[in-house]
Amino acid sequence: MKYRKLGDTGLIVSELALGTMQFGGRMNMGNLGQDDATRMVKLALDRGINLIDTADVYSLGESETLVGNALKGVRAEIVLATKVRLPMSENLNRSGATRVNIMREAEDSLRRLQTDYIDLYQVHGWDSNTPLEETLRTLDDLVRQGKVRYIGLSNYMSWQAATAIMLQQRLGLEKYVTAQMHYSLVGRGLEHEFQSFAEYHHIGILVWSPLAGGFLSGKYGRANPAPAGTRFAEAGSFVPFDKEMGYRVVDVLKEVAGRYDTSPARVALAWVLGRPAVSSVIVAGRKAEQLEDNIRAIDLRLSEEDVRLLDTASDPGVPYPKWMVLQLDTAEDPRSRALYPGRYADGGPWKDLRGTQWSG
């Protein structure tokens with residue numbers, strides 16, 4: 001296993017993290033019981049993974065319970081992450097990033113996980129019905145109480161994350177250090193703005209669904225769609241994408257994988273691991289061999305040509321205002337060429353983006 005820092009902290013985490021949405025039977029996302037969950041956790045730990053990610057809402061607490069049981073005796077050696085914000089019942093106050101819900105869910109997560117602290121506590125999504133300051137002060141209180149070590153956000157838009165960070169800085173509150181976001185070869189929307197935000201503020205990105213619900217494993221194609229019961233058939237709706245573009249990407253994944261005698265899934269994971277601001281990539285599987293294959297992606301180093309092929313096949317284009325930002329700040333500003341000549345050695349990574357489909 002290889003390791004990186006968690007965002008701008010001193011905490012060291014494995015390049016791959018174990019995801020646990022498939023633990024438990026209330027979400028129909030894997031239906032793994034205790035024995036299978038324990039085996040998956042043990043396999044991950046044996047392979048050097050030290051970051052395990054779960055959420056209160058995963059099978060309505062069952063995932064956290066299974067993780068807590070699986071970590072008996074080794075919890076102190078693990079970076080344990082969970083989340084709060086999504087509904088846990090029909091009770092209106094058991095949802096959202098409110099003080100009452102966060103405080104209650106933190107205590108419930110601690111009980112289910114059988115621990116007295118959470119290493120990384122993440123807000124699962126923006127809450128437009130709760131004042132942001134209420135959410136941030138509550139998270140700060142949990143850190144001051146010693147129940148939480150670090151805090152993170154998940155599924156925010158760039159302006160929401162930036163607003164939160166600025167408010168935390170202005171009020172002297174504990175700062176978000178991570179952002180758990182979807183990122184894959186068929187889901188590159190993060191590159192439009194959020195990735196630049198994360199780099200600027202030294203936020204570590206934790207990538208969820210890097211294989212787009214299993215689609216990028218290369219098992220499915222135009223002639224053989226995913227059958228019922230597979231990860232992609234069940235999770236694909238979480239990560240919608242243009243299927244024709246997806247098939248093109250899978251074709252390139254198979255081409256690159258053939259050169260290394262490896263799997264398309266490992267190539268897709270290696271591509272994500274090479275992207276800016278990524279602290280860890282969350283992987284999961286229903287079967288041990290799936291997890292084993294994913295973990296071996298850390299040993300794969302793609303060539304520049306491989307990356308170029310994958311980038312081209314999955315290119316989502318450059319929307320406004322990013323194309324204008326790049327145009328003005330890098331293509332037309334002579335200071336950029338003087339300060340960073342290496343970027344322009346081969347003619348430059350940026351071209352005139354005006355007149356493209358994105359400029360209208």
# chains A, B, ... in the order shown; residues from 1 in each chain; ligands from 1
>>> residues_around(residues="Lys287 (chain A)", least_positions_apart="3", cutoff="10 Å", atoms="only C-alpha atoms", output="list in words")
Gly30, Leu32, Asp36, Arg39, Met40, Ala284, Gln290, Leu291 and Glu292 of chain A
>>> write_last_selection(atoms="C-alpha atoms", output="PDB file, in the first residue's frame")
ATOM      1  CA  GLY A  30     -24.639  -5.375  -1.501  1.00  0.00           C
ATOM      2  CA  LEU A  32     -23.313  -8.114   3.147  1.00  0.00           C
ATOM      3  CA  ASP A  36     -18.768 -11.051   4.956  1.00  0.00           C
ATOM      4  CA  ARG A  39     -13.825 -10.616   6.003  1.00  0.00           C
ATOM      5  CA  MET A  40     -13.780  -7.517   3.812  1.00  0.00           C
ATOM      6  CA  ALA A 284     -15.588  -1.526  -2.325  1.00  0.00           C
ATOM      7  CA  GLN A 290     -13.136  -7.671  -6.540  1.00  0.00           C
ATOM      8  CA  LEU A 291     -11.533  -5.851  -3.620  1.00  0.00           C
ATOM      9  CA  GLU A 292      -8.192  -7.575  -4.226  1.00  0.00           C
TER      10      GLU A 292
END
>>> closest_atom_pairs(of="region 172-229 of chain A", to="region 317-334 of chain A", cutoff="12 Å", atoms="only C-alpha atoms", output="Markdown table")
| residue | atom | partner | partner_atom | distance |
| --- | --- | --- | --- | --- |
| A:Gly187 | CA | A:Gly317 | CA | 12.0 |
| A:Arg188 | CA | A:Gly317 | CA | 9.7 |
| A:Gly189 | CA | A:Val318 | CA | 9.7 |
| A:Leu190 | CA | A:Val318 | CA | 11.5 |
| A:Glu191 | CA | A:Val318 | CA | 8.9 |
| A:His192 | CA | A:Lys322 | CA | 6.5 |
| A:Glu193 | CA | A:Lys322 | CA | 7.3 |
| A:Phe194 | CA | A:Lys322 | CA | 11.1 |
| A:Gln195 | CA | A:Lys322 | CA | 11.8 |
| A:Ser196 | CA | A:Lys322 | CA | 10.3 |
>>> select_by_dssp(residues="region 64-241 of chain A", states="strand (DSSP E)", output="number ranges by chain")
A: 79-84, 118-123, 148-154, 176-182, 204-208
>>> select_by_dssp(residues="region 133-198 of chain A", states="alpha helix (DSSP H)", output="VMD selection string")
chain A and resid 133 to 144 158 to 171 194 to 198
>>> residues_around(residues="region 258-268 of chain A", least_positions_apart="6", cutoff="9 Å", atoms="only C-alpha atoms", output="list in words")
Ser184, Leu185, Pro210, Leu211, Gly214, Phe215, Leu216, Ser217, Gly218, Lys219, Val250, Val252, Asp293, Asn294, Ile295, Arg296, Ala297, Ile298, Leu300, Arg301, Leu302 and Leu310 of chain A
>>> residues_around(residues="region 139-154 of chain A", least_positions_apart="5", cutoff="8 Å", atoms="only C-alpha atoms", output="ChimeraX atom specification")
/A:102-103,116-126,161,173-181
>>> atom_distance(atom1="CA of Ala97 (chain A)", atom2="CA of Leu171 (chain A)")
18.3 Å
>>> closest_residue(among="A:Ile52, A:Leu66, A:Ala257, A:Val278", to="Gly25 (chain A)", atoms="only C-alpha atoms")
A:Leu66
>>> closest_residue(among="A:Ser279, A:Thr135, A:Asn155, A:Asn31", to="Val100 (chain A)", atoms="only C-alpha atoms")
A:Thr135
